[in-house]
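K.L.:
If you scroll down you'll find the structure; I have some questions about it.
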Amino acid sequence: MAIAMHQSGNPASGEVDKHAWFSRDRLGLFIHWGLYALGARHEWLKNREELDDERYQRYFDNFDPDLYEPKEWARRARLAGMKYVVVTTKHHEGFCLWDSKVTDYKATNTPCGKDLLTPLVEAFRAEGLKIGFYYSLIDWHHPDFPIDVHHPLRNHPDAKALNAGRNMANYAAYMREQVRELLTDFGRIDIMWFDFSYPRREYRGLSGKGRADWESERLVELVRELQPGIIVNNRLDLPLDANTLPDMVTPEQYTPRVAPTIAGQPVRWEACHTFSGSWGYHRDEDTWKSPEQIIKLLIDSVAMGGNLLMNVGPTGRGTLDARAIGALEVYQNWMALNGRSIYEAGPSDYPVPSGCRYTQRGNRLYLHVCDWPYRHIHIEGISDKIAYAQLLHDASEVRWLSHIKEVDSNVGVTVPEGMITLELPVRRPNVTVPVIEIILKP
Ligand code: GLC
């Protein structure tokens with residue numbers, strides 16, 4: 001019930017919802033991989049350091065991921081409980097992982113000499129994951145992409161003059177050609193993830209970019225024609241109202257306080273997050289999130305009806321570094337025992353005890369105990385509905401007490417009226433976030 005409420009943008013009732021899988025699967029892997037992995041100091045380094053093409057060329061000339069094993073990435077993702085992958089086919093730097101016919105700026109022309117996308121798609125599909133393509137609308141390498149606020153040459157003294165020779169319509173046509181390749185040559189693609197628009201970001205007389213520049217309507221039309229079942233994200237600056245909701249919205253690096261809506265309508269959504277701060281491989285970054293934090297990011301999303309797309313930035317050798325592997329294993333360990341509270345689950349309308357989060361699937365209510373209390377959790381709203389309760393990770397019974405009107409002394413536990421009180425072990429079980437599965441009477 002709760003899930004259906006959160007599947008907006010659905011076809012009229014009676015039709016099969018082609019996108020329903022997305023809200024069942026809940027957890028995906030984001031992969032940011034490109035030349036910036038060699039710089040190893042953020043995927044925006046070309047922008048941040050205002051590097052021109054010539055100075056950025058060293059990463060292209062030295063790109064040789066000799067240890068690339070996409071089967072290994074795919075296996076780890078599946079073990080982590082991830083059900084789909086979204087990979088940067090081209091990020092803002094403009095470099096393409098596949099053998100695009102319309103550019104030379106691609107993996108096949110680097111020392112690596114190979115199309116990197118085909119084996120990745122095959123490997124993830126073989127592990128049973130659905131496939132999503134991230135495609136950057138921004139392109140800091142294409143000669144027709146006009147310099148703007150985010151472009152590495154934004155402070156170039158001749159930026160405006162340089163733009164005179166750049167033709168945005170050519171670039172928009174180039175994007176359509178690339179998207180046509182991506183959605184024709186790799187079989188069924190489940191998600192198209194465009195990034196991103198900034199129509200109002202004017203900078204020193206250089207205008208921002210939005211739907212008129214990308215020719216977003218044409219682009220999306222093409223996507224839907226080539227892959228009718230696909231989910232398209234919301235970063236194309238398309239007009240929004242209650243009748244034209246995007247397939248999904250994509251809050252980035254924050255947890256919404258309430259489930260997102262558009263024009264008062266609930267909308268399908270997916271939060272995207274990094275294990276550390278950067279999306280691309282960052283050698284020296286020291287802001288890796290704790291196991292509790294990354295599990296809570298998932299729980300928080302599902303408890304509000306959303307998905308989580310969790311990112312790794314592989315190295316220039318083509319490996320996942322030890323920190324990324326460790327973080328994936330946090331999901332692996334937790335999901336192996338607690339995945340039941342995540343897949344096909346959604347928000348619950350029951351009032352949630354403090355320090356906890358609920359998810360619900362049918363008559364199963366999942367109480368995620370983020371702050372382990374001392375011995376008791378008092379729960380409102382289910383006293384006449386609870387049939388059984390257990391810790392999910394080991395199926396050990398959790399007993400509960402009900403309210404009694406007359407309490408003889410202050411020695412026993414007093415259960416507030418209208419509540420039940422779960423009796424918990426004093427020590428928190430050794431689970432990153434313990435979950436109590438409450439089975440409600442049908
Ligand atoms: C941002 C950044 C980018 C990253 C993306 C993921 O828009 O530009 O580097 O790929 O978010 O959501």
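Going through the structure tokens in order, the chains are called A, B, and so on, while each chain numbers its residues from 1 and the ligands are numbered from 1 in the order shown.
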Residues of segment 34-121 of chain A that approach segment 26-30 of chain A to 8 Å or less, counting only C-alpha atoms: could you list each one with the shortest pair of atoms and its distance in Å to one decimal, rows by chain and increasing residue number, as CSV?
P.N.:
```
residue,atom,partner,partner_atom,distance
A:Ala77,CA,A:Leu29,CA,6.8
A:Gly81,CA,A:Leu27,CA,7.1
A:Met82,CA,A:Gly28,CA,4.8
A:Lys83,CA,A:Gly28,CA,5.5
A:Tyr84,CA,A:Gly28,CA,4.6
A:Val85,CA,A:Leu29,CA,4.6
A:Val86,CA,A:Phe30,CA,4.8
A:Val87,CA,A:Phe30,CA,5.9
```
K.L.:
Output C-alpha atoms for every residue in that selection, as an mmCIF file, in the first residue's frame.
P.N.:
```
data_model
loop_
_atom_site.group_PDB
_atom_site.id
_atom_site.type_symbol
_atom_site.label_atom_id
_atom_site.label_comp_id
_atom_site.auth_asym_id
_atom_site.auth_seq_id
_atom_site.Cartn_x
_atom_site.Cartn_y
_atom_site.Cartn_z
ATOM 1 C CA ALA A 77 27.759 -5.068 -6.026
ATOM 2 C CA GLY A 81 22.589 -6.249 -2.132
ATOM 3 C CA MET A 82 22.604 -3.806 -5.029
ATOM 4 C CA LYS A 83 20.049 -4.485 -7.731
ATOM 5 C CA TYR A 84 21.070 -1.981 -10.374
ATOM 6 C CA VAL A 85 24.083 -0.006 -11.506
ATOM 7 C CA VAL A 86 24.404 3.468 -12.971
ATOM 8 C CA VAL A 87 27.747 4.112 -14.660
#
```
K.L.:
I need the residues in segment 97-282 of chain A that are alpha helix (DSSP H) according to DSSP; give them as a PyMOL selection string.
P.N.:
chain A and resi 117-126+159-164+168-182+211-214+216-226
K.L.:
Dump N, CA and C atoms for the selected residues as a tab-separated table (two decimals), in the first residue's frame?
P.N.:
```tsv
chain	number	residue	atom	x	y	z
A	117	LEU	N	32.95	-0.04	-21.66
A	117	LEU	CA	31.54	-0.10	-21.26
A	117	LEU	C	30.91	-1.46	-21.54
A	118	THR	N	31.20	-2.03	-22.71
A	118	THR	CA	30.56	-3.30	-23.06
A	118	THR	C	30.82	-4.39	-22.01
A	119	PRO	N	32.08	-4.61	-21.61
A	119	PRO	CA	32.29	-5.66	-20.60
A	119	PRO	C	31.63	-5.35	-19.26
A	120	LEU	N	31.50	-4.06	-18.95
A	120	LEU	CA	30.85	-3.70	-17.68
A	120	LEU	C	29.36	-4.05	-17.73
A	121	VAL	N	28.73	-3.67	-18.82
A	121	VAL	CA	27.30	-3.95	-18.97
A	121	VAL	C	27.07	-5.46	-18.91
A	122	GLU	N	27.91	-6.20	-19.62
A	122	GLU	CA	27.75	-7.66	-19.63
A	122	GLU	C	27.95	-8.25	-18.24
A	123	ALA	N	28.96	-7.75	-17.54
A	123	ALA	CA	29.27	-8.31	-16.22
A	123	ALA	C	28.13	-8.06	-15.22
A	124	PHE	N	27.61	-6.84	-15.22
A	124	PHE	CA	26.55	-6.54	-14.25
A	124	PHE	C	25.25	-7.27	-14.61
A	125	ARG	N	24.98	-7.34	-15.90
A	125	ARG	CA	23.79	-8.08	-16.31
A	125	ARG	C	23.90	-9.56	-15.89
A	126	ALA	N	25.09	-10.10	-16.04
A	126	ALA	CA	25.29	-11.51	-15.69
A	126	ALA	C	25.07	-11.74	-14.19
A	159	ALA	N	37.17	34.50	-22.95
A	159	ALA	CA	36.09	33.50	-22.89
A	159	ALA	C	34.95	33.84	-23.84
A	160	LYS	N	34.52	35.11	-23.77
A	160	LYS	CA	33.36	35.50	-24.61
A	160	LYS	C	33.69	35.38	-26.09
A	161	ALA	N	34.86	35.83	-26.44
A	161	ALA	CA	35.27	35.77	-27.85
A	161	ALA	C	35.38	34.31	-28.31
A	162	LEU	N	35.90	33.47	-27.45
A	162	LEU	CA	36.02	32.05	-27.79
A	162	LEU	C	34.64	31.45	-28.07
A	163	ASN	N	33.65	31.89	-27.30
A	163	ASN	CA	32.30	31.34	-27.47
A	163	ASN	C	31.71	31.66	-28.84
A	164	ALA	N	32.18	32.73	-29.45
A	164	ALA	CA	31.62	33.12	-30.75
A	164	ALA	C	31.78	31.98	-31.77
A	168	MET	N	26.18	25.70	-30.03
A	168	MET	CA	25.47	24.82	-29.10
A	168	MET	C	24.58	23.80	-29.82
A	169	ALA	N	24.01	24.23	-30.94
A	169	ALA	CA	23.13	23.29	-31.67
A	169	ALA	C	23.92	22.08	-32.15
A	170	ASN	N	25.17	22.31	-32.55
A	170	ASN	CA	26.01	21.18	-32.95
A	170	ASN	C	26.23	20.24	-31.77
A	171	TYR	N	26.49	20.84	-30.61
A	171	TYR	CA	26.72	20.01	-29.43
A	171	TYR	C	25.46	19.22	-29.05
A	172	ALA	N	24.30	19.87	-29.14
A	172	ALA	CA	23.05	19.17	-28.81
A	172	ALA	C	22.85	17.98	-29.76
A	173	ALA	N	23.20	18.18	-31.02
A	173	ALA	CA	23.07	17.09	-32.00
A	173	ALA	C	24.07	15.97	-31.67
A	174	TYR	N	25.26	16.36	-31.24
A	174	TYR	CA	26.28	15.39	-30.81
A	174	TYR	C	25.75	14.54	-29.65
A	175	MET	N	25.12	15.20	-28.68
A	175	MET	CA	24.56	14.43	-27.56
A	175	MET	C	23.53	13.43	-28.04
A	176	ARG	N	22.68	13.86	-28.97
A	176	ARG	CA	21.66	12.92	-29.47
A	176	ARG	C	22.32	11.73	-30.15
A	177	GLU	N	23.38	11.99	-30.89
A	177	GLU	CA	24.07	10.87	-31.54
A	177	GLU	C	24.64	9.90	-30.50
A	178	GLN	N	25.24	10.46	-29.47
A	178	GLN	CA	25.83	9.60	-28.44
A	178	GLN	C	24.76	8.82	-27.68
A	179	VAL	N	23.67	9.50	-27.37
A	179	VAL	CA	22.59	8.83	-26.66
A	179	VAL	C	22.00	7.73	-27.54
A	180	ARG	N	21.94	8.00	-28.84
A	180	ARG	CA	21.45	6.97	-29.75
A	180	ARG	C	22.37	5.74	-29.70
A	181	GLU	N	23.66	5.97	-29.70
A	181	GLU	CA	24.59	4.84	-29.60
A	181	GLU	C	24.38	4.07	-28.29
A	182	LEU	N	24.31	4.84	-27.21
A	182	LEU	CA	24.21	4.20	-25.89
A	182	LEU	C	22.94	3.37	-25.75
A	211	ARG	N	17.11	23.65	-20.62
A	211	ARG	CA	16.42	22.82	-21.63
A	211	ARG	C	16.56	23.34	-23.06
A	212	ALA	N	16.61	24.68	-23.21
A	212	ALA	CA	16.71	25.23	-24.57
A	212	ALA	C	18.07	24.87	-25.17
A	213	ASP	N	19.09	24.83	-24.31
A	213	ASP	CA	20.44	24.53	-24.80
A	213	ASP	C	20.60	23.05	-25.11
A	214	TRP	N	20.15	22.21	-24.20
A	214	TRP	CA	20.30	20.76	-24.41
A	214	TRP	C	19.32	20.25	-25.46
A	216	SER	N	16.24	19.58	-24.57
A	216	SER	CA	15.85	18.47	-23.69
A	216	SER	C	14.65	17.68	-24.20
A	217	GLU	N	13.64	18.38	-24.72
A	217	GLU	CA	12.44	17.65	-25.17
A	217	GLU	C	12.81	16.65	-26.26
A	218	ARG	N	13.61	17.10	-27.22
A	218	ARG	CA	14.02	16.20	-28.32
A	218	ARG	C	14.84	15.04	-27.80
A	219	LEU	N	15.71	15.36	-26.86
A	219	LEU	CA	16.59	14.33	-26.31
A	219	LEU	C	15.77	13.24	-25.61
A	220	VAL	N	14.82	13.68	-24.79
A	220	VAL	CA	14.01	12.69	-24.06
A	220	VAL	C	13.11	11.90	-25.00
A	221	GLU	N	12.59	12.59	-26.01
A	221	GLU	CA	11.79	11.89	-27.01
A	221	GLU	C	12.59	10.74	-27.64
A	222	LEU	N	13.82	11.04	-27.97
A	222	LEU	CA	14.71	10.04	-28.56
A	222	LEU	C	14.93	8.87	-27.59
A	223	VAL	N	15.19	9.22	-26.34
A	223	VAL	CA	15.41	8.18	-25.32
A	223	VAL	C	14.20	7.26	-25.24
A	224	ARG	N	13.03	7.83	-25.19
A	224	ARG	CA	11.81	7.02	-25.02
A	224	ARG	C	11.50	6.20	-26.27
A	225	GLU	N	11.87	6.75	-27.41
A	225	GLU	CA	11.64	6.01	-28.65
A	225	GLU	C	12.56	4.78	-28.69
A	226	LEU	N	13.80	4.96	-28.25
A	226	LEU	CA	14.77	3.86	-28.34
A	226	LEU	C	14.58	2.83	-27.24
```
K.L.:
Show me which residues line ligand 1, defined as having an atom within 10 Å of a ligand atom where only C-alpha atoms and all ligand atoms count, and present them as a PDB file with N, CA, C and O atoms, in the first residue's frame.
P.N.:
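Okay, this is what ended up in out-v7.pdb:
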```
ATOM      1  N   PHE A  30      26.312   3.375  -7.936  1.00  0.00           N
ATOM      2  CA  PHE A  30      26.730   4.438  -8.847  1.00  0.00           C
ATOM      3  C   PHE A  30      28.222   4.218  -9.089  1.00  0.00           C
ATOM      4  O   PHE A  30      28.954   3.889  -8.142  1.00  0.00           O
ATOM      5  N   ILE A  31      28.674   4.368 -10.332  1.00  0.00           N
ATOM      6  CA  ILE A  31      30.111   4.264 -10.605  1.00  0.00           C
ATOM      7  C   ILE A  31      30.546   5.517 -11.348  1.00  0.00           C
ATOM      8  O   ILE A  31      30.001   5.828 -12.410  1.00  0.00           O
ATOM      9  N   HIS A  32      31.492   6.232 -10.776  1.00  0.00           N
ATOM     10  CA  HIS A  32      32.100   7.383 -11.448  1.00  0.00           C
ATOM     11  C   HIS A  32      33.515   6.993 -11.840  1.00  0.00           C
ATOM     12  O   HIS A  32      34.390   6.856 -10.988  1.00  0.00           O
ATOM     13  N   TRP A  33      33.696   6.842 -13.144  1.00  0.00           N
ATOM     14  CA  TRP A  33      35.015   6.402 -13.610  1.00  0.00           C
ATOM     15  C   TRP A  33      35.353   7.130 -14.892  1.00  0.00           C
ATOM     16  O   TRP A  33      34.557   7.145 -15.846  1.00  0.00           O
ATOM     17  N   HIS A  42      39.382  14.531  -7.162  1.00  0.00           N
ATOM     18  CA  HIS A  42      38.010  14.970  -7.441  1.00  0.00           C
ATOM     19  C   HIS A  42      37.746  15.017  -8.940  1.00  0.00           C
ATOM     20  O   HIS A  42      38.570  15.480  -9.720  1.00  0.00           O
ATOM     21  N   GLU A  43      36.529  14.576  -9.297  1.00  0.00           N
ATOM     22  CA  GLU A  43      36.188  14.517 -10.733  1.00  0.00           C
ATOM     23  C   GLU A  43      35.996  15.905 -11.345  1.00  0.00           C
ATOM     24  O   GLU A  43      35.913  16.029 -12.556  1.00  0.00           O
ATOM     25  N   TRP A  44      35.949  16.926 -10.501  1.00  0.00           N
ATOM     26  CA  TRP A  44      35.837  18.294 -11.018  1.00  0.00           C
ATOM     27  C   TRP A  44      37.211  18.975 -11.109  1.00  0.00           C
ATOM     28  O   TRP A  44      37.305  20.190 -11.172  1.00  0.00           O
ATOM     29  N   LEU A  45      38.282  18.229 -11.076  1.00  0.00           N
ATOM     30  CA  LEU A  45      39.584  18.885 -11.001  1.00  0.00           C
ATOM     31  C   LEU A  45      39.864  19.771 -12.209  1.00  0.00           C
ATOM     32  O   LEU A  45      40.506  20.812 -12.085  1.00  0.00           O
ATOM     33  N   VAL A  87      26.328   3.865 -14.407  1.00  0.00           N
ATOM     34  CA  VAL A  87      27.747   4.112 -14.660  1.00  0.00           C
ATOM     35  C   VAL A  87      27.909   5.371 -15.522  1.00  0.00           C
ATOM     36  O   VAL A  87      27.108   5.620 -16.434  1.00  0.00           O
ATOM     37  N   THR A  88      28.932   6.144 -15.212  1.00  0.00           N
ATOM     38  CA  THR A  88      29.223   7.358 -15.992  1.00  0.00           C
ATOM     39  C   THR A  88      29.799   6.964 -17.349  1.00  0.00           C
ATOM     40  O   THR A  88      30.993   6.691 -17.473  1.00  0.00           O
ATOM     41  N   LYS A  90      29.939   9.027 -19.779  1.00  0.00           N
ATOM     42  CA  LYS A  90      30.722  10.242 -20.053  1.00  0.00           C
ATOM     43  C   LYS A  90      30.453  11.190 -18.902  1.00  0.00           C
ATOM     44  O   LYS A  90      29.286  11.425 -18.573  1.00  0.00           O
ATOM     45  N   HIS A  91      31.477  11.694 -18.245  1.00  0.00           N
ATOM     46  CA  HIS A  91      31.260  12.692 -17.198  1.00  0.00           C
ATOM     47  C   HIS A  91      31.554  14.072 -17.769  1.00  0.00           C
ATOM     48  O   HIS A  91      31.761  14.225 -18.975  1.00  0.00           O
ATOM     49  N   HIS A  92      31.582  15.100 -16.903  1.00  0.00           N
ATOM     50  CA  HIS A  92      31.707  16.475 -17.403  1.00  0.00           C
ATOM     51  C   HIS A  92      32.988  16.683 -18.222  1.00  0.00           C
ATOM     52  O   HIS A  92      33.040  17.555 -19.078  1.00  0.00           O
ATOM     53  N   GLU A  93      34.015  15.916 -17.957  1.00  0.00           N
ATOM     54  CA  GLU A  93      35.280  16.063 -18.702  1.00  0.00           C
ATOM     55  C   GLU A  93      35.127  15.691 -20.181  1.00  0.00           C
ATOM     56  O   GLU A  93      36.007  15.986 -20.985  1.00  0.00           O
ATOM     57  N   TYR A 134      24.635   6.913 -16.819  1.00  0.00           N
ATOM     58  CA  TYR A 134      24.799   8.330 -16.515  1.00  0.00           C
ATOM     59  C   TYR A 134      25.402   8.956 -17.758  1.00  0.00           C
ATOM     60  O   TYR A 134      26.331   8.410 -18.356  1.00  0.00           O
ATOM     61  N   TYR A 135      24.873  10.115 -18.159  1.00  0.00           N
ATOM     62  CA  TYR A 135      25.446  10.828 -19.299  1.00  0.00           C
ATOM     63  C   TYR A 135      25.477  12.314 -18.953  1.00  0.00           C
ATOM     64  O   TYR A 135      24.444  12.914 -18.636  1.00  0.00           O
ATOM     65  N   SER A 136      26.657  12.888 -18.990  1.00  0.00           N
ATOM     66  CA  SER A 136      26.791  14.299 -18.619  1.00  0.00           C
ATOM     67  C   SER A 136      26.330  15.196 -19.756  1.00  0.00           C
ATOM     68  O   SER A 136      26.803  15.081 -20.893  1.00  0.00           O
ATOM     69  N   ILE A 138      26.838  18.353 -19.485  1.00  0.00           N
ATOM     70  CA  ILE A 138      28.005  19.244 -19.498  1.00  0.00           C
ATOM     71  C   ILE A 138      29.160  18.531 -20.195  1.00  0.00           C
ATOM     72  O   ILE A 138      29.316  17.320 -20.056  1.00  0.00           O
ATOM     73  N   HIS A 150      30.564  26.857 -15.175  1.00  0.00           N
ATOM     74  CA  HIS A 150      31.240  25.645 -14.696  1.00  0.00           C
ATOM     75  C   HIS A 150      32.430  25.238 -15.551  1.00  0.00           C
ATOM     76  O   HIS A 150      33.130  24.287 -15.227  1.00  0.00           O
ATOM     77  N   TRP A 193      20.390   8.598 -16.891  1.00  0.00           N
ATOM     78  CA  TRP A 193      20.653   9.542 -15.784  1.00  0.00           C
ATOM     79  C   TRP A 193      21.449  10.732 -16.341  1.00  0.00           C
ATOM     80  O   TRP A 193      22.679  10.652 -16.487  1.00  0.00           O
ATOM     81  N   PHE A 194      20.733  11.825 -16.683  1.00  0.00           N
ATOM     82  CA  PHE A 194      21.405  12.997 -17.254  1.00  0.00           C
ATOM     83  C   PHE A 194      21.866  13.945 -16.137  1.00  0.00           C
ATOM     84  O   PHE A 194      21.225  14.061 -15.116  1.00  0.00           O
ATOM     85  N   ASP A 195      22.979  14.658 -16.403  1.00  0.00           N
ATOM     86  CA  ASP A 195      23.537  15.537 -15.363  1.00  0.00           C
ATOM     87  C   ASP A 195      24.215  16.732 -16.008  1.00  0.00           C
ATOM     88  O   ASP A 195      25.142  16.522 -16.795  1.00  0.00           O
ATOM     89  N   PHE A 196      23.924  17.961 -15.688  1.00  0.00           N
ATOM     90  CA  PHE A 196      22.800  18.560 -15.031  1.00  0.00           C
ATOM     91  C   PHE A 196      22.552  19.948 -15.613  1.00  0.00           C
ATOM     92  O   PHE A 196      23.333  20.394 -16.452  1.00  0.00           O
ATOM     93  N   SER A 197      21.527  20.633 -15.180  1.00  0.00           N
ATOM     94  CA  SER A 197      21.125  21.927 -15.769  1.00  0.00           C
ATOM     95  C   SER A 197      21.306  23.061 -14.763  1.00  0.00           C
ATOM     96  O   SER A 197      21.175  22.852 -13.562  1.00  0.00           O
ATOM     97  N   ARG A 235      17.123  15.834 -14.337  1.00  0.00           N
ATOM     98  CA  ARG A 235      18.084  16.944 -14.351  1.00  0.00           C
ATOM     99  C   ARG A 235      18.194  17.639 -15.707  1.00  0.00           C
ATOM    100  O   ARG A 235      19.203  18.273 -16.001  1.00  0.00           O
ATOM    101  N   THR A 250      16.153  13.306  -7.906  1.00  0.00           N
ATOM    102  CA  THR A 250      17.460  12.784  -7.503  1.00  0.00           C
ATOM    103  C   THR A 250      18.177  13.656  -6.474  1.00  0.00           C
ATOM    104  O   THR A 250      19.184  14.297  -6.786  1.00  0.00           O
ATOM    105  N   PRO A 251      17.664  13.731  -5.238  1.00  0.00           N
ATOM    106  CA  PRO A 251      18.382  14.521  -4.220  1.00  0.00           C
ATOM    107  C   PRO A 251      19.814  14.005  -4.052  1.00  0.00           C
ATOM    108  O   PRO A 251      20.023  12.797  -3.962  1.00  0.00           O
ATOM    109  N   GLU A 252      20.755  14.930  -4.047  1.00  0.00           N
ATOM    110  CA  GLU A 252      22.168  14.549  -4.084  1.00  0.00           C
ATOM    111  C   GLU A 252      22.883  14.925  -2.789  1.00  0.00           C
ATOM    112  O   GLU A 252      22.866  16.071  -2.385  1.00  0.00           O
ATOM    113  N   GLN A 253      23.502  13.975  -2.154  1.00  0.00           N
ATOM    114  CA  GLN A 253      24.325  14.179  -0.964  1.00  0.00           C
ATOM    115  C   GLN A 253      23.563  14.824   0.189  1.00  0.00           C
ATOM    116  O   GLN A 253      24.128  15.575   0.955  1.00  0.00           O
ATOM    117  N   ALA A 271      17.957   8.986  -3.725  1.00  0.00           N
ATOM    118  CA  ALA A 271      19.053   9.812  -3.198  1.00  0.00           C
ATOM    119  C   ALA A 271      20.359   9.236  -3.728  1.00  0.00           C
ATOM    120  O   ALA A 271      20.510   8.016  -3.827  1.00  0.00           O
ATOM    121  N   CYS A 272      21.299  10.110  -4.100  1.00  0.00           N
ATOM    122  CA  CYS A 272      22.615   9.590  -4.467  1.00  0.00           C
ATOM    123  C   CYS A 272      23.648  10.124  -3.496  1.00  0.00           C
ATOM    124  O   CYS A 272      23.596  11.286  -3.082  1.00  0.00           O
ATOM    125  N   HIS A 273      24.529   9.233  -3.109  1.00  0.00           N
ATOM    126  CA  HIS A 273      25.516   9.564  -2.078  1.00  0.00           C
ATOM    127  C   HIS A 273      26.871   8.948  -2.405  1.00  0.00           C
ATOM    128  O   HIS A 273      26.958   7.961  -3.137  1.00  0.00           O
ATOM    129  N   THR A 274      27.887   9.521  -1.779  1.00  0.00           N
ATOM    130  CA  THR A 274      29.246   8.980  -1.890  1.00  0.00           C
ATOM    131  C   THR A 274      29.636   8.346  -0.556  1.00  0.00           C
ATOM    132  O   THR A 274      29.115   8.726   0.490  1.00  0.00           O
ATOM    133  N   SER A 278      33.955  12.824  -2.551  1.00  0.00           N
ATOM    134  CA  SER A 278      34.149  12.951  -3.988  1.00  0.00           C
ATOM    135  C   SER A 278      33.467  11.781  -4.703  1.00  0.00           C
ATOM    136  O   SER A 278      33.320  10.696  -4.143  1.00  0.00           O
ATOM    137  N   TRP A 279      33.070  11.994  -5.976  1.00  0.00           N
ATOM    138  CA  TRP A 279      32.452  10.898  -6.744  1.00  0.00           C
ATOM    139  C   TRP A 279      33.541  10.091  -7.455  1.00  0.00           C
ATOM    140  O   TRP A 279      33.521   8.872  -7.466  1.00  0.00           O
ATOM    141  N   GLY A 280      34.485  10.824  -8.053  1.00  0.00           N
ATOM    142  CA  GLY A 280      35.606  10.139  -8.678  1.00  0.00           C
ATOM    143  C   GLY A 280      36.616   9.719  -7.619  1.00  0.00           C
ATOM    144  O   GLY A 280      36.600  10.237  -6.488  1.00  0.00           O
ATOM    145  N   LEU A 309      21.258   5.368  -4.274  1.00  0.00           N
ATOM    146  CA  LEU A 309      22.266   5.052  -5.280  1.00  0.00           C
ATOM    147  C   LEU A 309      23.607   5.423  -4.645  1.00  0.00           C
ATOM    148  O   LEU A 309      23.898   6.591  -4.421  1.00  0.00           O
ATOM    149  N   ASN A 311      27.724   5.437  -4.361  1.00  0.00           N
ATOM    150  CA  ASN A 311      28.778   5.593  -5.368  1.00  0.00           C
ATOM    151  C   ASN A 311      30.133   4.992  -4.981  1.00  0.00           C
ATOM    152  O   ASN A 311      30.576   5.100  -3.841  1.00  0.00           O
TER     153      ASN A 311
END
```
K.L.:
Kindly give the distance, in Å, that separates atom CA of Phe275 of chain A and atom CA of Thr315 of chain A, rounded to a single decimal.
P.N.:
14.5 Å
K.L.:
What is the distance, in Å and to one decimal place, between atom CA of Arg24 of chain A and atom CA of Ile231 of chain A?
P.N.:
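Here the two named atoms are 14.1 Å from each other.
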K.L.:
Taking into account only C-alpha atoms, which residue in the set A:Leu391, A:Leu79, A:Val435, A:Leu97 is nearest to Cys112 of chain A?
P.N.:
A:Leu97
K.L.:
Residues within 10 Å of Tyr350 of chain A, please, as a list in words. Count only C-alpha atoms; anything in the same chain fewer than 2 positions from it doesn't count.
P.N.:
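Once the adjacent positions are removed, what remains is Pro347, Ser348, Val352, Pro353, Tyr358, Thr359, Gln360, Leu365, Ile379, Glu380, Gly381 and Ile382 of chain A.
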K.L.:
Which is closer to Glu270 of chain A than all the others in A:Gln332, A:Gln227, A:Thr255, A:Asn338, using only C-alpha atoms?
P.N.:
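Answer, going by the shortest atom-to-atom distance: A:Thr255.
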K.L.:
Just want the 9 Å neighbourhood of segment 238-241 of chain A, counted on only C-alpha atoms, with same-chain residues fewer than 4 positions away dropped. Output as a ChimeraX atom specification.
P.N.:
/A:210-211,216-217,234,245-246,262-263,265
K.L.:
Keeping only C-alpha atoms, write the selected residues to a file as a PDB file, in the first residue's frame.
P.N.:
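Okay, result07.pdb is ready:
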```pdb
ATOM      1  CA  GLY A 210      19.034  24.503 -19.511  1.00  0.00           C
ATOM      2  CA  ARG A 211      16.424  22.815 -21.632  1.00  0.00           C
ATOM      3  CA  SER A 216      15.846  18.472 -23.686  1.00  0.00           C
ATOM      4  CA  GLU A 217      12.441  17.651 -25.172  1.00  0.00           C
ATOM      5  CA  ASN A 234      14.975  14.910 -13.598  1.00  0.00           C
ATOM      6  CA  LEU A 245       6.110  14.469 -13.268  1.00  0.00           C
ATOM      7  CA  PRO A 246       9.590  13.157 -14.022  1.00  0.00           C
ATOM      8  CA  ILE A 262       6.127  18.096  -7.124  1.00  0.00           C
ATOM      9  CA  ALA A 263       3.064  20.331  -7.276  1.00  0.00           C
ATOM     10  CA  GLN A 265       2.150  15.068  -5.909  1.00  0.00           C
TER      11      GLN A 265
END
```
